[in-house]
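Chemist: Provided herewith is a single structure, encoded as structure tokens, for subsequent inquiry.
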Amino acid sequence: MTSSSHRAGHVAVIGRPNVGKSTLVNALVGAKVSIVSPRPQTTRHRLLGIATFPEGQLLLVDTPGIHREQKRAMNRMMNRAARGALEGVDAALLVVRAGQWDDEDTLAFDALRGAGLPVVLVVNQVDRITDKTVLLPYLAKVSEGRDFASVHPISALKGKGLDALVKTVLSLLPEQEALYGEDEITDKSQRFLAGEMVREQLMRQLGEELPYATTVEIERFVVDGELLRIGAVIWVERDGQKAIVIGKAGARLREIGAKSRVQMERLFGSKVFLETWVRVREGWSDNEAALRQLGYE
């Protein structure tokens with residue numbers, strides 16, 4: 001396909017926490033490259049999801065949710081990662097939850113407005129609105145006074161409205177050949193993705209008890225023929241948190257490991273031997289040096 005008929009470029013996916021940005025990136029890529037949980041701020045790192053279509057390629061920059069609270073170093077780093085994603089991109093998607101617009105949506109929009117990019121408003125989770133007659137007035141209200149390139153109601157989880165969204169976003173990108181191969185789905189390594197799979201299970205199983213006190217470091221990643229041998233360290237901040245992660249007679253840690261391994265095998269297409277350990281590192285989430293050492297940007 002010649003460059004005159006093919007478009008490709010970088011697209012920042014921006015929004016407040018827990019509006020479905022990662023679900024949208026995964027749906028467009030067609031594979032799980034970004035972890036998802038019901039907890040806000042599940043995404044902590046900037047990640048590139050590569051979505052390839054016959055007519056073009058979207059390089060989707062998934063970001064942590066922009067949020068006002070900046071009490072800890074981790075919150076500040078996540079906000080910097082989200083805002084930094086606007087550098088060098090061709091367009092942006094502002095993802096909001098259908099029927100809602102709050103101060104943090106405004107915060108995300110203001111960050112985009114200052115970047116001078118074409119912005120597509122993506123209204124996610126429209127399937128949750130039972131009375132569809134309220135949707136048009138809502139769309140009119142949130143669009144008023146805001147210069148969106150286009151507005152798209154979608155359901156990322158159910159795959160509704162995505163074809164039209166892709167067509168619109170590709171039209172905003174430069175005419176050029178694909179920047180990545182057809183079989184590439186992310187710029188992150190398998191090692192990074194393995195750590196995220198373990199962290200997803202921590203968020204899903206311990207979100208109520210330890211929403212942000214845990215992180216994961218992959219200490220060992222060895223390819224042994226058709227087997228991947230992976231060693232993951234789960235870091236917590238206090239001894240009491242370590243006991244919660246391990247659970248009674250180690251039951252919870254075994255379940256976290258088992259579910260993580262299944263996800264890894266599905267994504268990597270290989271058998272996985274996974275070992276997990278829980279260690280304490282006091283105050284890691286409010287220590288910029290510790291965060292950098294643990295892979296935070």
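Residue numbering restarts at 1 for every chain of the structure tokens, chains are lettered A, B, ... in their displayed order, and ligands are numbered from 1 as they appear.
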Pick out each residue of stretch 3-195 of chain A that DSSP on the backbone tags as strand (DSSP E); I need them as a PyMOL selection string.

Modeler: chain A and resi 7-14+47-53+56-62+91-97+119-124+150-153

Chemist: Kindly save the residues from that selection, with N, CA and C atoms included, as an mmCIF file, in the first residue's frame.

Modeler:
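Done, and the output landed in part06.cif:
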```
data_model
loop_
_atom_site.group_PDB
_atom_site.id
_atom_site.type_symbol
_atom_site.label_atom_id
_atom_site.label_comp_id
_atom_site.auth_asym_id
_atom_site.auth_seq_id
_atom_site.Cartn_x
_atom_site.Cartn_y
_atom_site.Cartn_z
ATOM 1 N N ARG A 7 -2.382 5.934 6.406
ATOM 2 C CA ARG A 7 -2.082 6.937 7.445
ATOM 3 C C ARG A 7 -1.581 6.239 8.706
ATOM 4 N N ALA A 8 -0.686 6.905 9.404
ATOM 5 C CA ALA A 8 -0.145 6.354 10.648
ATOM 6 C C ALA A 8 0.312 7.490 11.542
ATOM 7 N N GLY A 9 0.196 7.277 12.838
ATOM 8 C CA GLY A 9 0.662 8.307 13.757
ATOM 9 C C GLY A 9 0.348 7.970 15.201
ATOM 10 N N HIS A 10 0.836 8.837 16.094
ATOM 11 C CA HIS A 10 0.678 8.644 17.531
ATOM 12 C C HIS A 10 -0.562 9.363 18.040
ATOM 13 N N VAL A 11 -1.306 8.663 18.892
ATOM 14 C CA VAL A 11 -2.553 9.193 19.433
ATOM 15 C C VAL A 11 -2.535 9.027 20.952
ATOM 16 N N ALA A 12 -2.570 10.121 21.690
ATOM 17 C CA ALA A 12 -2.615 10.050 23.152
ATOM 18 C C ALA A 12 -4.037 9.719 23.601
ATOM 19 N N VAL A 13 -4.143 8.805 24.563
ATOM 20 C CA VAL A 13 -5.446 8.446 25.136
ATOM 21 C C VAL A 13 -5.462 9.014 26.555
ATOM 22 N N ILE A 14 -6.256 10.063 26.744
ATOM 23 C CA ILE A 14 -6.212 10.871 27.965
ATOM 24 C C ILE A 14 -7.589 10.853 28.646
ATOM 25 N N LEU A 47 2.199 3.538 28.078
ATOM 26 C CA LEU A 47 2.354 2.305 27.295
ATOM 27 C C LEU A 47 1.844 2.539 25.879
ATOM 28 N N LEU A 48 2.542 1.987 24.900
ATOM 29 C CA LEU A 48 2.123 2.128 23.507
ATOM 30 C C LEU A 48 1.398 0.871 23.053
ATOM 31 N N GLY A 49 0.157 1.041 22.612
ATOM 32 C CA GLY A 49 -0.602 -0.051 22.009
ATOM 33 C C GLY A 49 -0.658 0.172 20.505
ATOM 34 N N ILE A 50 -0.274 -0.816 19.717
ATOM 35 C CA ILE A 50 -0.174 -0.667 18.262
ATOM 36 C C ILE A 50 -1.374 -1.351 17.604
ATOM 37 N N ALA A 51 -2.233 -0.532 16.996
ATOM 38 C CA ALA A 51 -3.450 -1.048 16.344
ATOM 39 C C ALA A 51 -3.299 -0.881 14.835
ATOM 40 N N THR A 52 -3.225 -2.008 14.118
ATOM 41 C CA THR A 52 -2.964 -1.986 12.676
ATOM 42 C C THR A 52 -4.213 -2.371 11.901
ATOM 43 N N PHE A 53 -4.572 -1.549 10.926
ATOM 44 C CA PHE A 53 -5.745 -1.760 10.073
ATOM 45 C C PHE A 53 -5.289 -1.668 8.618
ATOM 46 N N GLY A 56 -4.525 1.957 7.790
ATOM 47 C CA GLY A 56 -3.631 2.778 8.603
ATOM 48 C C GLY A 56 -3.243 2.115 9.915
ATOM 49 N N GLN A 57 -2.444 2.844 10.685
ATOM 50 C CA GLN A 57 -1.943 2.306 11.956
ATOM 51 C C GLN A 57 -2.045 3.383 13.041
ATOM 52 N N LEU A 58 -2.699 3.012 14.150
ATOM 53 C CA LEU A 58 -2.814 3.896 15.307
ATOM 54 C C LEU A 58 -1.796 3.473 16.356
ATOM 55 N N LEU A 59 -0.953 4.393 16.773
ATOM 56 C CA LEU A 59 -0.009 4.137 17.860
ATOM 57 C C LEU A 59 -0.593 4.819 19.094
ATOM 58 N N LEU A 60 -1.299 4.015 19.889
ATOM 59 C CA LEU A 60 -2.108 4.534 20.988
ATOM 60 C C LEU A 60 -1.272 4.630 22.255
ATOM 61 N N VAL A 61 -1.119 5.838 22.773
ATOM 62 C CA VAL A 61 -0.340 6.057 23.985
ATOM 63 C C VAL A 61 -1.298 6.020 25.175
ATOM 64 N N ASP A 62 -1.362 4.853 25.838
ATOM 65 C CA ASP A 62 -2.221 4.708 27.017
ATOM 66 C C ASP A 62 -1.512 5.350 28.204
ATOM 67 N N ALA A 91 -2.571 13.443 17.494
ATOM 68 C CA ALA A 91 -3.965 13.686 17.878
ATOM 69 C C ALA A 91 -4.171 13.100 19.272
ATOM 70 N N ALA A 92 -5.324 13.370 19.855
ATOM 71 C CA ALA A 92 -5.615 12.846 21.186
ATOM 72 C C ALA A 92 -7.069 12.425 21.289
ATOM 73 N N LEU A 93 -7.285 11.398 22.103
ATOM 74 C CA LEU A 93 -8.636 10.978 22.460
ATOM 75 C C LEU A 93 -8.862 11.386 23.911
ATOM 76 N N LEU A 94 -9.909 12.154 24.169
ATOM 77 C CA LEU A 94 -10.311 12.453 25.538
ATOM 78 C C LEU A 94 -11.451 11.502 25.878
ATOM 79 N N VAL A 95 -11.172 10.564 26.781
ATOM 80 C CA VAL A 95 -12.164 9.538 27.124
ATOM 81 C C VAL A 95 -12.902 9.971 28.395
ATOM 82 N N VAL A 96 -14.234 9.982 28.305
ATOM 83 C CA VAL A 96 -15.077 10.288 29.464
ATOM 84 C C VAL A 96 -16.110 9.182 29.611
ATOM 85 N N ARG A 97 -16.734 9.119 30.782
ATOM 86 C CA ARG A 97 -17.787 8.135 31.002
ATOM 87 C C ARG A 97 -19.128 8.756 30.643
ATOM 88 N N VAL A 119 -8.565 17.035 19.035
ATOM 89 C CA VAL A 119 -9.041 16.188 20.131
ATOM 90 C C VAL A 119 -10.383 15.569 19.753
ATOM 91 N N VAL A 120 -10.453 14.241 19.832
ATOM 92 C CA VAL A 120 -11.703 13.516 19.622
ATOM 93 C C VAL A 120 -12.271 13.172 21.001
ATOM 94 N N LEU A 121 -13.518 13.560 21.247
ATOM 95 C CA LEU A 121 -14.177 13.203 22.500
ATOM 96 C C LEU A 121 -14.762 11.803 22.359
ATOM 97 N N VAL A 122 -14.300 10.886 23.209
ATOM 98 C CA VAL A 122 -14.778 9.505 23.199
ATOM 99 C C VAL A 122 -15.646 9.301 24.439
ATOM 100 N N VAL A 123 -16.941 9.136 24.218
ATOM 101 C CA VAL A 123 -17.896 8.973 25.318
ATOM 102 C C VAL A 123 -18.106 7.473 25.514
ATOM 103 N N ASN A 124 -17.439 6.936 26.519
ATOM 104 C CA ASN A 124 -17.416 5.480 26.723
ATOM 105 C C ASN A 124 -18.565 5.022 27.620
ATOM 106 N N SER A 150 -14.236 15.715 16.718
ATOM 107 C CA SER A 150 -15.360 14.805 16.500
ATOM 108 C C SER A 150 -15.797 14.272 17.866
ATOM 109 N N VAL A 151 -17.021 13.779 17.936
ATOM 110 C CA VAL A 151 -17.545 13.192 19.170
ATOM 111 C C VAL A 151 -18.050 11.788 18.851
ATOM 112 N N HIS A 152 -17.591 10.799 19.620
ATOM 113 C CA HIS A 152 -17.960 9.408 19.352
ATOM 114 C C HIS A 152 -18.475 8.704 20.611
ATOM 115 N N PRO A 153 -19.768 8.392 20.685
ATOM 116 C CA PRO A 153 -20.267 7.528 21.753
ATOM 117 C C PRO A 153 -19.893 6.082 21.439
#
```

Chemist: At a cut-off of 10 Å, using only C-alpha atoms, what residues contact A:Ala156? Leave out same-chain residues fewer than 2 positions from it and give the result as a PyMOL selection string.

Modeler: chain A and resi 20-28+122-127+153-154+158-162

Chemist: Let me see the file: selected residues, N, CA, C and O atoms, as an mmCIF file, in the first residue's frame.

Modeler:
```cif
data_model
loop_
_atom_site.group_PDB
_atom_site.id
_atom_site.type_symbol
_atom_site.label_atom_id
_atom_site.label_comp_id
_atom_site.auth_asym_id
_atom_site.auth_seq_id
_atom_site.Cartn_x
_atom_site.Cartn_y
_atom_site.Cartn_z
ATOM 1 N N GLY A 20 -12.064 3.887 31.389
ATOM 2 C CA GLY A 20 -11.981 2.832 30.376
ATOM 3 C C GLY A 20 -10.942 3.069 29.302
ATOM 4 O O GLY A 20 -11.043 2.510 28.206
ATOM 5 N N LYS A 21 -9.909 3.873 29.597
ATOM 6 C CA LYS A 21 -8.873 4.139 28.587
ATOM 7 C C LYS A 21 -8.155 2.855 28.173
ATOM 8 O O LYS A 21 -7.954 2.596 26.989
ATOM 9 N N SER A 22 -7.752 2.058 29.163
ATOM 10 C CA SER A 22 -7.014 0.828 28.854
ATOM 11 C C SER A 22 -7.905 -0.192 28.144
ATOM 12 O O SER A 22 -7.445 -0.899 27.240
ATOM 13 N N THR A 23 -9.168 -0.257 28.543
ATOM 14 C CA THR A 23 -10.113 -1.154 27.854
ATOM 15 C C THR A 23 -10.238 -0.758 26.388
ATOM 16 O O THR A 23 -10.284 -1.621 25.496
ATOM 17 N N LEU A 24 -10.269 0.541 26.121
ATOM 18 C CA LEU A 24 -10.357 1.034 24.742
ATOM 19 C C LEU A 24 -9.096 0.676 23.959
ATOM 20 O O LEU A 24 -9.179 0.194 22.817
ATOM 21 N N VAL A 25 -7.929 0.898 24.555
ATOM 22 C CA VAL A 25 -6.666 0.569 23.871
ATOM 23 C C VAL A 25 -6.628 -0.922 23.531
ATOM 24 O O VAL A 25 -6.311 -1.307 22.402
ATOM 25 N N ASN A 26 -6.976 -1.770 24.489
ATOM 26 C CA ASN A 26 -6.979 -3.221 24.249
ATOM 27 C C ASN A 26 -7.954 -3.602 23.135
ATOM 28 O O ASN A 26 -7.655 -4.457 22.300
ATOM 29 N N ALA A 27 -9.124 -2.971 23.137
ATOM 30 C CA ALA A 27 -10.146 -3.287 22.116
ATOM 31 C C ALA A 27 -9.646 -2.902 20.726
ATOM 32 O O ALA A 27 -9.864 -3.642 19.749
ATOM 33 N N LEU A 28 -8.982 -1.770 20.600
ATOM 34 C CA LEU A 28 -8.489 -1.335 19.292
ATOM 35 C C LEU A 28 -7.289 -2.168 18.834
ATOM 36 O O LEU A 28 -7.169 -2.497 17.654
ATOM 37 N N VAL A 122 -14.300 10.886 23.209
ATOM 38 C CA VAL A 122 -14.778 9.505 23.199
ATOM 39 C C VAL A 122 -15.646 9.301 24.439
ATOM 40 O O VAL A 122 -15.146 9.327 25.564
ATOM 41 N N VAL A 123 -16.941 9.136 24.218
ATOM 42 C CA VAL A 123 -17.896 8.973 25.318
ATOM 43 C C VAL A 123 -18.106 7.473 25.514
ATOM 44 O O VAL A 123 -18.825 6.833 24.750
ATOM 45 N N ASN A 124 -17.439 6.936 26.519
ATOM 46 C CA ASN A 124 -17.416 5.480 26.723
ATOM 47 C C ASN A 124 -18.565 5.022 27.620
ATOM 48 O O ASN A 124 -19.176 5.802 28.331
ATOM 49 N N GLN A 125 -18.825 3.724 27.567
ATOM 50 C CA GLN A 125 -19.818 3.051 28.423
ATOM 51 C C GLN A 125 -21.243 3.531 28.152
ATOM 52 O O GLN A 125 -22.074 3.613 29.063
ATOM 53 N N VAL A 126 -21.536 3.843 26.864
ATOM 54 C CA VAL A 126 -22.912 4.255 26.533
ATOM 55 C C VAL A 126 -23.899 3.113 26.753
ATOM 56 O O VAL A 126 -25.099 3.347 26.924
ATOM 57 N N ASP A 127 -23.387 1.867 26.789
ATOM 58 C CA ASP A 127 -24.276 0.722 27.025
ATOM 59 C C ASP A 127 -24.873 0.761 28.432
ATOM 60 O O ASP A 127 -25.887 0.112 28.690
ATOM 61 N N PRO A 153 -19.768 8.392 20.685
ATOM 62 C CA PRO A 153 -20.267 7.528 21.753
ATOM 63 C C PRO A 153 -19.893 6.082 21.439
ATOM 64 O O PRO A 153 -20.123 5.603 20.323
ATOM 65 N N ILE A 154 -19.306 5.384 22.411
ATOM 66 C CA ILE A 154 -18.854 4.010 22.184
ATOM 67 C C ILE A 154 -19.079 3.153 23.423
ATOM 68 O O ILE A 154 -19.357 3.659 24.507
ATOM 69 N N LYS A 158 -17.796 -3.654 24.850
ATOM 70 C CA LYS A 158 -18.610 -4.443 23.920
ATOM 71 C C LYS A 158 -18.234 -4.222 22.459
ATOM 72 O O LYS A 158 -18.848 -4.804 21.560
ATOM 73 N N GLY A 159 -17.239 -3.371 22.208
ATOM 74 C CA GLY A 159 -16.771 -3.152 20.837
ATOM 75 C C GLY A 159 -17.726 -2.353 19.977
ATOM 76 O O GLY A 159 -17.650 -2.408 18.749
ATOM 77 N N LYS A 160 -18.589 -1.570 20.589
ATOM 78 C CA LYS A 160 -19.584 -0.787 19.829
ATOM 79 C C LYS A 160 -19.017 0.583 19.467
ATOM 80 O O LYS A 160 -18.451 1.271 20.307
ATOM 81 N N GLY A 161 -19.197 0.966 18.202
ATOM 82 C CA GLY A 161 -18.804 2.298 17.759
ATOM 83 C C GLY A 161 -17.329 2.457 17.437
ATOM 84 O O GLY A 161 -16.880 3.564 17.132
ATOM 85 N N LEU A 162 -16.571 1.368 17.473
ATOM 86 C CA LEU A 162 -15.118 1.491 17.297
ATOM 87 C C LEU A 162 -14.710 1.706 15.840
ATOM 88 O O LEU A 162 -13.739 2.407 15.564
#
```

Chemist: Tell me, in Å to one decimal, how far atom CA of A:Leu86 is from atom CA of A:Ser5.

Modeler: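 One can read the atom CA of A:Leu86 to atom CA of A:Ser5 distance as 25.8 Å.
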
Chemist: Given only C-alpha atoms as the basis, pick out the residue of A:Arg238, A:Lys167, A:Lys32, A:Arg261 nearest to A:Ala194.

Modeler: A:Arg261

Chemist: Based on the backbone DSSP call, show me all residues of stretch 59-262 of chain A assigned helix (DSSP H, G or I), as a ChimeraX atom specification.

Modeler: /A:73-84,103-113,126-128,132-143,162-171,190-206,239-246,248-262

Chemist: Distance atom CA of A:Ile256-atom CA of A:Phe192, one decimal place?

Modeler: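 A separation of 17.1 Å between them.
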
Chemist: Give the answer as one residue: which of A:Gly283, A:Glu175, A:Arg16, A:Gln263 has the shortest atom-to-atom distance to A:Ala111, using only C-alpha atoms?

Modeler: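 Using only C-alpha atoms, A:Ala111 sits closest to A:Arg16.
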
Chemist: Name the closest residue to A:Glu237 among the candidates A:Trp101, A:Trp277, A:Trp284, A:Phe109; distances are taken between atoms, counting only C-alpha atoms.

Modeler: A:Trp284

Chemist: Env of A:Gly225: 12 Å cut, atoms = only C-alpha atoms, seq-sep filter 4 positions within chain, self excluded. Answer as a list in words.

Modeler: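 Result of the neighbour search: Arg229, Ser270, Lys271 and Val272 of chain A.
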
Chemist: Can I get the selected residues back with all heavy atoms, as a JSON list (two decimals), in the first residue's frame?

Modeler:
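Here's the written file result.json:
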```json
[["chain", "number", "residue", "atom", "x", "y", "z"],
["A", 229, "ARG", "N", 10.60, -18.99, 32.40],
["A", 229, "ARG", "CA", 10.77, -19.04, 33.85],
["A", 229, "ARG", "C", 10.80, -17.61, 34.39],
["A", 229, "ARG", "O", 11.73, -16.85, 34.06],
["A", 229, "ARG", "CB", 12.06, -19.79, 34.22],
["A", 229, "ARG", "CG", 12.06, -21.26, 33.80],
["A", 229, "ARG", "CD", 13.30, -21.97, 34.27],
["A", 229, "ARG", "NE", 13.29, -23.37, 33.85],
["A", 229, "ARG", "CZ", 12.70, -24.36, 34.53],
["A", 229, "ARG", "NH1", 12.07, -24.07, 35.67],
["A", 229, "ARG", "NH2", 12.73, -25.60, 34.09],
["A", 270, "SER", "N", 3.20, -19.12, 25.38],
["A", 270, "SER", "CA", 4.21, -20.05, 25.88],
["A", 270, "SER", "C", 3.79, -20.60, 27.24],
["A", 270, "SER", "O", 3.00, -19.97, 27.94],
["A", 270, "SER", "CB", 5.57, -19.35, 26.07],
["A", 270, "SER", "OG", 6.03, -18.78, 24.88],
["A", 271, "LYS", "N", 4.34, -21.73, 27.62],
["A", 271, "LYS", "CA", 4.17, -22.23, 28.98],
["A", 271, "LYS", "C", 4.99, -21.35, 29.92],
["A", 271, "LYS", "O", 6.09, -20.92, 29.57],
["A", 271, "LYS", "CB", 4.64, -23.68, 29.08],
["A", 271, "LYS", "CG", 3.62, -24.70, 28.56],
["A", 271, "LYS", "CD", 2.46, -24.81, 29.53],
["A", 271, "LYS", "CE", 1.42, -25.82, 29.04],
["A", 271, "LYS", "NZ", 0.20, -25.75, 29.87],
["A", 272, "VAL", "N", 4.44, -21.08, 31.09],
["A", 272, "VAL", "CA", 5.10, -20.20, 32.05],
["A", 272, "VAL", "C", 5.26, -20.90, 33.39],
["A", 272, "VAL", "O", 4.31, -21.50, 33.91],
["A", 272, "VAL", "CB", 4.29, -18.89, 32.24],
["A", 272, "VAL", "CG1", 4.84, -18.07, 33.41],
["A", 272, "VAL", "CG2", 4.30, -18.07, 30.95]]
```

Chemist: Which of these, A:Thr215, A:Gly231, A:Glu87, A:Ala289, has the shortest distance to A:Gln201 once you count only C-alpha atoms?

Modeler: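 Counting only C-alpha atoms, the residue closest to A:Gln201 is A:Thr215.
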
Chemist: With distances taken over only C-alpha atoms, which of A:Val33, A:Val166, A:Val222, A:Leu157 is nearest to A:Lys188?

Modeler: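 For A:Lys188, the nearest of the given residues is A:Val33.
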